[in-house]
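Engineer: What follows is query.txt, made up of compact mmCIF, C-alpha atoms:
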# COMPACT_ATOMS: atom_id res chain seq x y z
CA MET A 1 21.21 -16.13 -14.53
CA ASN A 2 17.63 -14.91 -14.90
CA VAL A 3 15.92 -15.45 -11.52
CA LEU A 4 12.27 -15.33 -10.48
CA VAL A 5 11.31 -15.06 -6.80
CA VAL A 6 7.64 -15.63 -5.95
CA ARG A 7 5.82 -14.30 -2.89
CA LEU A 8 2.12 -14.00 -3.65
CA ASP A 9 0.56 -12.73 -0.44
CA SER A 10 0.59 -9.44 1.46
CA PHE A 11 2.78 -6.39 2.07
CA GLY A 12 4.49 -7.70 5.21
CA ASP A 13 5.06 -11.13 3.69
CA VAL A 14 6.93 -9.59 0.77
CA LEU A 15 9.09 -7.54 3.14
CA LEU A 16 9.99 -10.76 4.95
CA ALA A 17 11.19 -12.19 1.63
CA GLY A 18 13.87 -9.49 1.47
CA PRO A 19 16.84 -11.48 2.81
CA ALA A 20 16.14 -14.31 0.35
CA VAL A 21 15.74 -11.84 -2.50
CA ARG A 22 19.09 -10.21 -1.75
CA ALA A 23 20.80 -13.62 -1.61
CA ALA A 24 19.31 -14.62 -4.97
CA ALA A 25 20.29 -11.27 -6.48
CA THR A 26 23.98 -11.96 -5.83
CA ARG A 27 24.01 -14.49 -8.71
CA ALA A 28 21.22 -13.06 -10.83
CA SER A 29 21.85 -11.08 -13.98
CA ARG A 30 18.24 -10.00 -13.56
CA LEU A 31 15.84 -10.69 -10.68
CA THR A 32 12.07 -10.47 -11.01
CA LEU A 33 9.66 -10.66 -8.09
CA LEU A 34 6.23 -12.16 -8.76
CA CYS A 35 3.79 -10.92 -6.13
CA GLY A 36 0.13 -10.15 -5.49
CA PRO A 37 -1.43 -6.66 -5.60
CA LEU A 38 -1.11 -6.18 -1.83
CA GLY A 39 2.57 -7.03 -1.94
CA GLU A 40 3.47 -4.82 -4.90
CA PRO A 41 4.42 -1.67 -2.91
CA ALA A 42 6.78 -3.73 -0.75
CA ALA A 43 8.24 -5.49 -3.80
CA ARG A 44 9.16 -2.14 -5.32
CA MET A 45 11.04 -1.17 -2.15
CA LEU A 46 13.22 -4.28 -1.88
CA PRO A 47 16.93 -4.04 -2.75
CA GLY A 48 17.91 -6.46 -5.50
CA VAL A 49 14.62 -6.41 -7.40
CA ASP A 50 14.89 -5.39 -11.07
CA ASP A 51 11.34 -6.13 -12.24
CA VAL A 52 7.98 -6.84 -10.62
CA ILE A 53 5.15 -8.99 -11.99
CA VAL A 54 1.82 -8.50 -10.23
CA TRP A 55 -0.72 -11.31 -10.32
CA GLN A 56 -3.58 -12.15 -7.98
CA ALA A 57 -3.62 -15.88 -7.39
CA PRO A 58 -6.95 -17.68 -6.92
CA TRP A 59 -5.54 -19.50 -3.88
CA GLU A 60 -4.14 -16.53 -1.92
CA GLY A 61 -5.72 -13.77 0.16
CA VAL A 62 -9.00 -13.16 1.89
CA ARG A 63 -10.94 -12.51 -1.34
CA PRO A 64 -9.12 -14.41 -4.09
CA PRO A 65 -10.47 -14.16 -7.63
CA MET A 66 -12.28 -16.98 -9.34
CA VAL A 67 -9.93 -19.19 -11.33
CA GLU A 68 -11.49 -18.08 -14.61
CA ASP A 69 -10.90 -14.44 -13.67
CA ALA A 70 -7.26 -14.87 -12.70
CA ASP A 71 -5.91 -15.05 -16.28
CA VAL A 72 -3.75 -18.08 -15.62
CA PRO A 73 -2.81 -18.42 -19.31
CA GLY A 74 -1.69 -14.79 -19.31
CA LEU A 75 0.60 -15.35 -16.35
CA VAL A 76 2.06 -18.51 -17.88
CA ALA A 77 2.74 -16.61 -21.11
CA GLU A 78 4.39 -13.71 -19.27
CA VAL A 79 6.63 -16.01 -17.24
CA ARG A 80 7.51 -18.01 -20.37
CA ALA A 81 8.49 -14.78 -22.13
CA GLY A 82 10.79 -13.96 -19.21
CA ALA A 83 12.86 -17.10 -19.88
CA TYR A 84 13.72 -17.67 -16.22
CA ASP A 85 16.52 -20.08 -15.43
CA THR A 86 15.45 -20.66 -11.85
CA ALA A 87 12.63 -19.77 -9.46
CA LEU A 88 12.26 -19.65 -5.67
CA VAL A 89 8.67 -20.06 -4.50
CA LEU A 90 8.38 -18.53 -1.03
CA THR A 91 5.33 -19.40 1.06
CA SER A 92 4.24 -19.18 4.65
CA PHE A 93 4.60 -22.29 6.79
CA HIS A 94 0.95 -23.28 6.26
CA GLN A 95 0.81 -22.68 2.49
CA SER A 96 1.54 -25.04 -0.39
CA PRO A 97 3.89 -23.89 -3.15
CA LEU A 98 2.68 -26.56 -5.56
CA PRO A 99 -0.02 -24.59 -7.45
CA THR A 100 2.56 -21.92 -8.22
CA ALA A 101 5.18 -24.52 -9.10
CA LEU A 102 2.79 -26.13 -11.58
CA LEU A 103 2.29 -22.83 -13.41
CA LEU A 104 6.03 -22.16 -13.44
CA ARG A 105 6.67 -25.63 -14.84
CA LEU A 106 4.09 -25.00 -17.57
CA ALA A 107 5.89 -21.73 -18.29
CA GLY A 108 9.18 -23.57 -18.85
CA VAL A 109 11.12 -22.38 -15.82
CA GLY A 110 14.28 -24.49 -15.74
CA ARG A 111 14.74 -25.06 -12.00
CA ILE A 112 12.20 -24.58 -9.24
CA GLY A 113 12.68 -24.74 -5.48
CA ALA A 114 10.31 -24.39 -2.51
CA ASP A 115 9.54 -25.58 0.98
CA SER A 116 7.00 -28.38 0.60
CA VAL A 117 5.43 -30.77 3.07
CA ASP A 118 3.45 -32.42 0.27
CA HIS A 119 5.15 -34.73 -2.21
CA PRO A 120 5.86 -32.51 -5.25
CA GLY A 121 6.14 -35.12 -7.97
CA GLN A 122 7.77 -33.43 -10.97
CA LEU A 123 6.94 -29.90 -9.84
CA LEU A 124 10.04 -29.13 -7.76
CA ASP A 125 13.72 -29.64 -8.48
CA VAL A 126 14.66 -28.61 -4.93
CA ARG A 127 12.22 -29.74 -2.26
CA HIS A 128 13.37 -28.08 0.93
CA GLN A 129 12.10 -28.75 4.46
CA ARG A 130 12.00 -25.74 6.75
CA LEU A 131 13.12 -26.05 10.34
CA PRO A 132 10.37 -26.16 13.00
CA ASP A 133 9.22 -22.71 14.21
CA ARG A 134 11.68 -21.00 11.88
CA HIS A 135 10.97 -17.30 11.45
CA GLU A 136 9.52 -16.52 8.02
CA ALA A 137 12.49 -14.31 7.10
CA GLU A 138 14.96 -17.02 8.07
CA ALA A 139 12.97 -19.75 6.32
CA GLY A 140 13.07 -17.83 3.07
CA LEU A 141 16.81 -17.32 3.35
CA ASP A 142 17.26 -21.02 4.17
CA LEU A 143 15.53 -21.90 0.91
CA ALA A 144 17.75 -19.50 -1.02
CA LEU A 145 20.81 -21.18 0.49
CA ALA A 146 19.44 -24.60 -0.45
CA MET A 147 19.10 -23.32 -4.00
CA GLY A 148 22.76 -22.31 -4.00
CA PHE A 149 22.35 -18.56 -3.38
CA GLN A 150 24.76 -17.19 -0.79
CA PRO A 151 24.18 -13.74 0.74
CA ARG A 152 26.71 -11.07 -0.13
CA ALA A 153 29.60 -10.79 2.35
CA GLY A 154 28.59 -8.51 5.18
CA ASP A 155 24.85 -8.93 4.66
CA ASP A 156 23.42 -9.32 8.16
CA GLY A 157 20.25 -11.06 6.96
CA ARG A 158 17.92 -8.45 8.40
CA LEU A 159 15.00 -6.85 6.60
CA ARG A 160 15.86 -3.88 4.43
CA VAL A 161 14.27 -1.46 1.99
CA LEU A 162 15.64 1.05 -0.50
CA PRO A 163 16.49 4.54 0.84
CA VAL A 164 13.45 6.29 2.27
CA PRO A 165 12.40 9.95 1.94
CA ASP A 166 12.80 12.63 4.59
CA THR A 167 9.37 13.05 6.15
CA ALA A 168 10.03 15.87 8.62
CA THR A 169 7.38 17.96 6.85
CA LEU A 170 4.84 15.37 8.02
CA THR A 171 6.13 14.60 11.50
CA GLY A 172 7.76 17.88 12.53
CA ASN A 173 11.16 18.05 14.15
CA GLY A 174 12.24 16.21 17.26
CA PRO A 175 11.85 12.65 18.58
CA TYR A 176 8.52 10.88 18.33
CA VAL A 177 6.80 7.52 18.80
CA VAL A 178 4.50 6.14 16.11
CA VAL A 179 1.23 4.43 17.01
CA HIS A 180 -0.31 2.40 14.17
CA PRO A 181 -3.74 1.19 15.36
CA GLY A 182 -4.93 -0.64 12.25
CA ALA A 183 -4.45 -4.32 11.48
CA SER A 184 -5.10 -6.54 8.50
CA ALA A 185 -7.38 -8.87 10.50
CA PRO A 186 -9.73 -8.00 13.39
CA ALA A 187 -8.28 -10.80 15.53
CA ARG A 188 -4.94 -8.98 15.48
CA SER A 189 -6.39 -5.63 16.56
CA TRP A 190 -6.15 -3.99 19.94
CA ASP A 191 -9.22 -2.01 20.95
CA ALA A 192 -9.39 1.49 19.39
CA GLU A 193 -10.11 3.12 22.75
CA ARG A 194 -7.06 1.37 24.22
CA HIS A 195 -4.96 2.81 21.41
CA ALA A 196 -6.32 6.25 22.23
CA GLU A 197 -5.46 5.74 25.90
CA ALA A 198 -1.96 4.67 24.91
CA ALA A 199 -1.48 7.76 22.75
CA GLN A 200 -2.62 9.95 25.65
CA SER A 201 -0.38 8.11 28.13
CA LEU A 202 2.64 8.36 25.83
CA ALA A 203 2.01 12.09 25.46
CA ASP A 204 1.64 12.43 29.24
CA ALA A 205 5.00 10.66 29.58
CA GLY A 206 6.64 13.33 27.43
CA HIS A 207 6.66 11.66 24.01
CA ARG A 208 5.56 13.32 20.81
CA VAL A 209 3.11 10.89 19.22
CA VAL A 210 2.42 10.33 15.52
CA VAL A 211 -0.54 8.14 14.50
CA THR A 212 -0.48 6.42 11.11
CA GLY A 213 -3.01 4.51 9.04
CA GLY A 214 -4.23 3.90 5.53
CA PRO A 215 -6.88 5.79 3.57
CA ALA A 216 -9.62 3.51 4.92
CA GLU A 217 -8.51 4.06 8.52
CA THR A 218 -8.88 7.84 8.89
CA ALA A 219 -11.78 7.59 11.34
CA LEU A 220 -9.69 5.23 13.47
CA THR A 221 -6.57 7.41 13.40
CA HIS A 222 -8.66 10.52 14.22
CA LEU A 223 -10.11 8.78 17.27
CA VAL A 224 -6.71 7.55 18.45
CA SER A 225 -4.96 10.87 17.87
CA GLY A 226 -7.48 12.98 19.77
CA ASP A 227 -5.84 16.31 20.52
CA VAL A 228 -2.51 14.83 21.69
CA ALA A 229 -1.00 13.34 18.52
CA ILE A 230 -0.20 14.15 14.90
CA ASP A 231 -2.75 12.36 12.73
CA LEU A 232 -1.22 11.02 9.50
CA GLY A 233 -4.13 8.74 8.69
CA GLY A 234 -4.48 8.48 4.90
CA ARG A 235 -1.54 10.85 4.36
CA THR A 236 1.29 8.42 3.68
CA THR A 237 2.26 6.15 0.82
CA PRO A 238 4.20 2.99 1.67
CA ARG A 239 7.47 4.84 0.93
CA THR A 240 6.59 7.89 3.03
CA LEU A 241 5.39 5.60 5.81
CA ALA A 242 8.82 3.98 5.70
CA GLY A 243 10.31 7.44 6.12
CA VAL A 244 8.03 8.22 9.07
CA LEU A 245 8.96 4.92 10.73
CA SER A 246 12.65 5.42 10.02
CA GLY A 247 12.63 8.65 12.00
CA ALA A 248 10.69 7.23 14.96
CA ASP A 249 12.11 6.20 18.31
CA ALA A 250 9.71 3.26 18.34
CA LEU A 251 6.55 1.90 16.74
CA VAL A 252 3.51 0.64 18.66
CA SER A 253 1.63 -1.72 16.36
CA GLY A 254 -0.18 -5.01 16.02
CA ASN A 255 1.08 -7.88 13.91
CA THR A 256 0.64 -6.16 10.56
CA GLY A 257 2.68 -4.88 7.63
CA PRO A 258 3.97 -1.63 9.21
CA ALA A 259 5.58 -3.65 12.01
CA HIS A 260 7.72 -5.41 9.40
CA LEU A 261 8.34 -2.11 7.64
CA ALA A 262 9.61 -0.66 10.92
CA ALA A 263 11.96 -3.63 11.25
CA ALA A 264 13.15 -3.02 7.68
CA VAL A 265 14.20 0.55 8.57
CA GLY A 266 15.72 -0.47 11.92
CA THR A 267 13.07 0.95 14.27
CA PRO A 268 12.25 -0.88 17.54
CA VAL A 269 8.71 -2.22 17.88
CA VAL A 270 6.24 -2.60 20.72
CA SER A 271 4.27 -5.48 19.21
CA LEU A 272 0.67 -5.95 20.29
CA PHE A 273 0.83 -9.53 19.15
CA ALA A 274 -2.27 -11.72 19.05
CA PRO A 275 -1.07 -15.36 19.01
CA VAL A 276 -3.44 -16.51 16.26
CA VAL A 277 -0.16 -17.01 14.40
CA PRO A 278 3.05 -17.81 16.30
CA ALA A 279 5.37 -14.96 17.25
CA SER A 280 8.34 -17.25 16.66
CA ARG A 281 7.51 -17.04 12.95
CA TRP A 282 5.95 -13.59 12.60
CA ALA A 283 7.33 -11.19 15.23
CA PRO A 284 9.21 -8.10 13.98
CA TYR A 285 12.55 -9.43 12.80
CA GLY A 286 16.03 -8.23 13.64
CA VAL A 287 15.15 -5.19 15.78
CA PRO A 288 14.59 -4.74 19.52
CA THR A 289 11.00 -5.80 20.22
CA VAL A 290 8.72 -6.05 23.22
CA LEU A 291 5.85 -8.50 22.73
CA LEU A 292 2.63 -7.61 24.53
CA GLY A 293 -0.30 -10.02 24.66
CA ASP A 294 -0.90 -13.47 26.10
CA GLN A 295 0.95 -15.81 23.75
CA ARG A 296 -0.66 -18.85 25.42
CA ALA A 297 -4.27 -17.70 25.02
CA ALA A 298 -6.90 -20.13 23.72
CA CYS A 299 -6.76 -18.57 20.25
CA ALA A 300 -3.07 -19.48 19.82
CA GLY A 301 -2.27 -21.03 16.47
CA THR A 302 -5.80 -20.85 15.09
CA ARG A 303 -4.91 -18.42 12.25
CA ALA A 304 -8.33 -16.89 12.92
CA ARG A 305 -9.16 -13.56 11.27
CA HIS A 306 -11.88 -12.89 13.86
CA CYS A 307 -11.18 -13.65 17.50
CA PRO A 308 -12.73 -17.03 18.40
CA VAL A 309 -12.67 -16.26 22.15
CA PRO A 310 -15.19 -13.84 23.69
CA GLY A 311 -13.60 -10.67 25.03
CA HIS A 312 -10.44 -10.95 22.93
CA PRO A 313 -8.45 -11.91 26.06
CA CYS A 314 -5.06 -12.28 24.37
CA LEU A 315 -4.86 -8.49 23.93
CA GLY A 316 -7.73 -7.38 26.16
CA ASP A 317 -5.59 -7.38 29.29
CA VAL A 318 -2.87 -5.16 27.80
CA THR A 319 -3.03 -1.63 29.22
CA ALA A 320 -1.79 1.78 28.14
CA HIS A 321 0.65 1.60 31.06
CA ASP A 322 2.08 -1.60 29.57
CA VAL A 323 2.68 0.22 26.28
CA VAL A 324 4.41 3.18 27.93
CA SER A 325 6.62 0.83 29.95
CA ALA A 326 7.51 -1.13 26.82
CA VAL A 327 8.45 2.04 24.93
CA ARG A 328 10.59 3.14 27.87
CA LYS A 329 12.34 -0.23 27.86
CA LEU A 330 13.08 -0.04 24.13
CA LEU A 331 14.44 3.49 24.40
CA LYS A 332 16.81 2.41 27.16
CA GLU A 333 17.98 -0.54 25.06
CA SER A 334 18.52 1.71 22.04
CA ALA A 335 20.32 4.48 23.91
Here is a file; write its structure as structure tokens.

Structural biologist:
Amino acid sequence: MNVLVVRLDSFGDVLLAGPAVRAAATRASRLTLLCGPLGEPAARMLPGVDDVIVWQAPWEGVRPPMVEDADVPGLVAEVRAGAYDTALVLTSFHQSPLPTALLLRLAGVGRIGADSVDHPGQLLDVRHQRLPDRHEAEAGLDLALAMGFQPRAGDDGRLRVLPVPDTATLTGNGPYVVVHPGASAPARSWDAERHAEAAQSLADAGHRVVVTGGPAETALTHLVSGDVAIDLGGRTTPRTLAGVLSGADALVSGNTGPAHLAAAVGTPVVSLFAPVVPASRWAPYGVPTVLLGDQRAACAGTRARHCPVPGHPCLGDVTAHDVVSAVRKLLKESA
């Protein structure tokens, strides 16, 4: 069976599709993952994926392309050439799978399934309804099960990536805690100075601290690292970041892709979680986690990219002491 799995949004979203991908791969002679540019690095790290198609949809992301620039005919032709027997369209709880399903139908995909609140007409063969407040990773696996894909015996359903590289040349030897201060949306960010205080407090508590961030975040990681932490800002690829996180005792991070990557390599997470999206759906999955932040703040459930409440109170009251205590708690649980 030639299977197509679709997850068109970001890095962390694609990682959360992993359990569903592995389930689909058990019956697939070949499995292709269709994703957006931000999700491509994660797609190439998922077990069970044979091929990756990268396409930027005009209905996904913060800056989607114009429809005329998205080369819809080119995507339809590429999918048609793949001769897929079945497709799983994975979306977040607030997204519609129907635009994607329409293109797949035009491309001749034989059987299409998705979670859909809206009536799908002729676009879906399997219209699944996700359970309320279901975690994104579990919802994706539920859809795979509804499509007839059973996980392999012994698969625990957690997030997983392909083997990661040894990154001791970056981190040095010995235990360490990673602090990742960046976030994909400002509303999900803890204050940079608070991150710096947390790095200092973790170092004062006897932890070696490693600070990570992307190429555009080097000023941030330099500020947070100060003279107490190893600054890896701009020095990791997604695969080497996975290696760094795999070797860590814990990660301190907001609700962003590296938190899901830490979960995929089995590393506990101190999650500075702004409730603009619900933690029940988006918290790090399958690993010990301490959630910090007021989950009942006024911004809860708004999906805001910029905090709608002056002072950013959901995370503003979290202190460096809270972070150190949370790391200590996770290390005791993991001992």

Engineer: For Gly247 (chain A), find every residue with an atom within 9 Å (counting only C-alpha atoms), except residues of its own chain fewer than 4 positions away, and show them as a list in words.

Structural biologist: Asp166, Thr167, Ala168, Thr171, Pro175, Tyr176, Ala242, Gly243, Val265 and Thr267 of chain A

Engineer: With only C-alpha atoms as the counted atoms, please give the residues lying no more than 10 Å from Val177 (chain A), apart from itself and same-chain residues fewer than 5 positions off, as a ChimeraX atom specification.

Structural biologist: /A:199,202-203,207-211,229,244-245,247-252,269,327

Engineer: Save the residues we just selected, C-alpha atoms, as a JSON list (two decimals), keeping the file's coordinate frame?

Structural biologist:
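As written to disk, out_25.json reads:
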[["chain", "number", "residue", "atom", "x", "y", "z"],
["A", 199, "ALA", "CA", -1.48, 7.76, 22.75],
["A", 202, "LEU", "CA", 2.64, 8.36, 25.83],
["A", 203, "ALA", "CA", 2.01, 12.09, 25.46],
["A", 207, "HIS", "CA", 6.66, 11.66, 24.01],
["A", 208, "ARG", "CA", 5.56, 13.32, 20.81],
["A", 209, "VAL", "CA", 3.11, 10.89, 19.22],
["A", 210, "VAL", "CA", 2.42, 10.33, 15.52],
["A", 211, "VAL", "CA", -0.54, 8.14, 14.50],
["A", 229, "ALA", "CA", -1.00, 13.34, 18.52],
["A", 244, "VAL", "CA", 8.03, 8.22, 9.07],
["A", 245, "LEU", "CA", 8.96, 4.92, 10.73],
["A", 247, "GLY", "CA", 12.63, 8.65, 12.00],
["A", 248, "ALA", "CA", 10.69, 7.23, 14.96],
["A", 249, "ASP", "CA", 12.11, 6.20, 18.31],
["A", 250, "ALA", "CA", 9.71, 3.26, 18.34],
["A", 251, "LEU", "CA", 6.55, 1.90, 16.74],
["A", 252, "VAL", "CA", 3.51, 0.64, 18.66],
["A", 269, "VAL", "CA", 8.71, -2.22, 17.88],
["A", 327, "VAL", "CA", 8.45, 2.04, 24.93]]

Engineer: For each of A:Cys314, A:Met147, A:Val54, A:Ala187, take the minimum atom-to-atom distance to Gly74 (chain A), counting only C-alpha atoms, then give the residue where this is smallest.

Structural biologist: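 Of the candidates, the smallest distance to Gly74 (chain A) is held by A:Val54.
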
Engineer: Tell me which of A:Val6, A:Cys307, A:Leu90, A:Ala262 sits closest to Val164 (chain A), counting all atoms listed in the file.

Structural biologist: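 Looking only at the distances to Val164 (chain A), the closest residue turns out to be A:Ala262.
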
Engineer: Could you tell me how far CA of Val178 (chain A) lies from CA of Ser253 (chain A), in Å and to one decimal?

Structural biologist: 8.4 Å

Engineer: So, with all atoms listed in the file as the atoms that count, which of A:Arg80, A:Arg30, A:His321, A:Arg281 lies closest to His135 (chain A)?

Structural biologist: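 For His135 (chain A), the nearest of the candidates is A:Arg281.
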
Engineer: From the set A:Val52, A:Val270, A:Val5, A:Ala114, which residue has the shortest atom-to-atom contact distance to Ala87 (chain A), counting all atoms listed in the file?

Structural biologist: A:Val5

Engineer: So the first atom is CA of Ala28 (chain A) and the second is CA of Pro284 (chain A); what is the distance between them in Å, to one decimal place?

Structural biologist: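 Computed distance, CA of Ala28 (chain A) to CA of Pro284 (chain A), equals 28.0 Å.
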
Engineer: Residues near Ala279 (chain A), anyone? I mean within 12 Å using all atoms listed in the file, not counting same-chain ones fewer than 3 positions away, as a list in words.

Structural biologist: Asp133, Arg134, His135, Glu136, Gly254, Asn255, Ser271, Leu272, Phe273, Ala274, Pro275, Val276, Trp282, Ala283, Pro284, Tyr285, Thr289, Val290, Leu291, Leu292, Gly293, Asp294, Gln295, Arg296, Ala300, Gly301 and Arg303 of chain A

Engineer: Have a look at CA of Arg44 (chain A) and CA of Phe11 (chain A) and let me know their distance in Å, one decimal.

Structural biologist: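 Computing the Euclidean distance for CA of Arg44 (chain A) and CA of Phe11 (chain A) yields 10.6 Å.
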
Engineer: Just the residues within 12 Å of Glu197 (chain A), please, counting all atoms listed in the file, with nothing from its chain fewer than 2 positions along; format it as a ChimeraX atom specification.

Structural biologist: /A:179,181,190-195,199-204,223-229,318-324

Engineer: Pull C-alpha atoms from the residues just selected and write them as a short mmCIF file (atom, residue, chain, number, x, y, z; two decimals), keeping the file's coordinate frame.

Structural biologist:
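This is the output file selection.cif:
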data_model
loop_
_atom_site.label_atom_id
_atom_site.label_comp_id
_atom_site.auth_asym_id
_atom_site.auth_seq_id
_atom_site.Cartn_x
_atom_site.Cartn_y
_atom_site.Cartn_z
CA VAL A 179 1.23 4.43 17.01
CA PRO A 181 -3.74 1.19 15.36
CA TRP A 190 -6.15 -3.99 19.94
CA ASP A 191 -9.22 -2.01 20.95
CA ALA A 192 -9.39 1.49 19.39
CA GLU A 193 -10.11 3.12 22.75
CA ARG A 194 -7.06 1.37 24.22
CA HIS A 195 -4.96 2.81 21.41
CA ALA A 199 -1.48 7.76 22.75
CA GLN A 200 -2.62 9.95 25.65
CA SER A 201 -0.38 8.11 28.13
CA LEU A 202 2.64 8.36 25.83
CA ALA A 203 2.01 12.09 25.46
CA ASP A 204 1.64 12.43 29.24
CA LEU A 223 -10.11 8.78 17.27
CA VAL A 224 -6.71 7.55 18.45
CA SER A 225 -4.96 10.87 17.87
CA GLY A 226 -7.48 12.98 19.77
CA ASP A 227 -5.84 16.31 20.52
CA VAL A 228 -2.51 14.83 21.69
CA ALA A 229 -1.00 13.34 18.52
CA VAL A 318 -2.87 -5.16 27.80
CA THR A 319 -3.03 -1.63 29.22
CA ALA A 320 -1.79 1.78 28.14
CA HIS A 321 0.65 1.60 31.06
CA ASP A 322 2.08 -1.60 29.57
CA VAL A 323 2.68 0.22 26.28
CA VAL A 324 4.41 3.18 27.93
#

Engineer: List every protein, DNA or RNA residue that has at least one atom no more than 7 Å from (19.2, -26.1, -10.1) in the file's coordinates, counting all atoms listed in the file, and write the result as a compact mmCIF listing (two decimals) with C-alpha atoms, keeping the file's coordinate frame.

Structural biologist:
# COMPACT_ATOMS: atom_id res chain seq x y z
CA THR A 86 15.45 -20.66 -11.85
CA ARG A 111 14.74 -25.06 -12.00
CA ASP A 125 13.72 -29.64 -8.48
CA MET A 147 19.10 -23.32 -4.00

Engineer: Calculated over all atoms listed in the file, which of the candidates A:Val76, A:Ala304, A:Ile112, A:Ala263 has the smallest distance to Arg188 (chain A)?

Structural biologist: A:Ala304

Engineer: I'd like to know which of A:Pro99, A:Pro64, A:Gly108, A:Gly140 is closest to Arg158 (chain A), using all atoms listed in the file.

Structural biologist: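 Between A:Pro99, A:Pro64, A:Gly108, A:Gly140, the residue approaching Arg158 (chain A) most closely is A:Gly140.
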
Engineer: If we count all atoms listed in the file and set the cut-off at 9 Å, which residues sit around Ala20 (chain A), ignoring sequence neighbours fewer than 4 positions away in its own chain? Please answer as a ChimeraX atom specification.

Structural biologist: /A:5,16,24-25,88,90,137-145,149,151,157

Engineer: For a cut-off of 8 Å around (-3.9, 11.3, 6.0), file coordinates, pick out all residues using all atoms listed in the file and list them as a list in words.

Structural biologist: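 Residues with an atom at most 8 Å from (-3.9, 11.3, 6.0): Thr212, Gly213, Gly214, Pro215, Thr218, Asp231, Leu232, Gly233, Gly234, Arg235 and Thr236 of chain A.
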
Engineer: Can you tell me, as lines of an AutoDock Vina configuration file, the centre and edge lengths (Å, one decimal) of the axis-aligned box enclosing all of region 329-332 of chain A's listed atoms after padding each side by 5 Å?

Structural biologist:
center_x = 14.6
center_y = 1.6
center_z = 26.0
size_x = 14.5
size_y = 13.7
size_z = 13.7
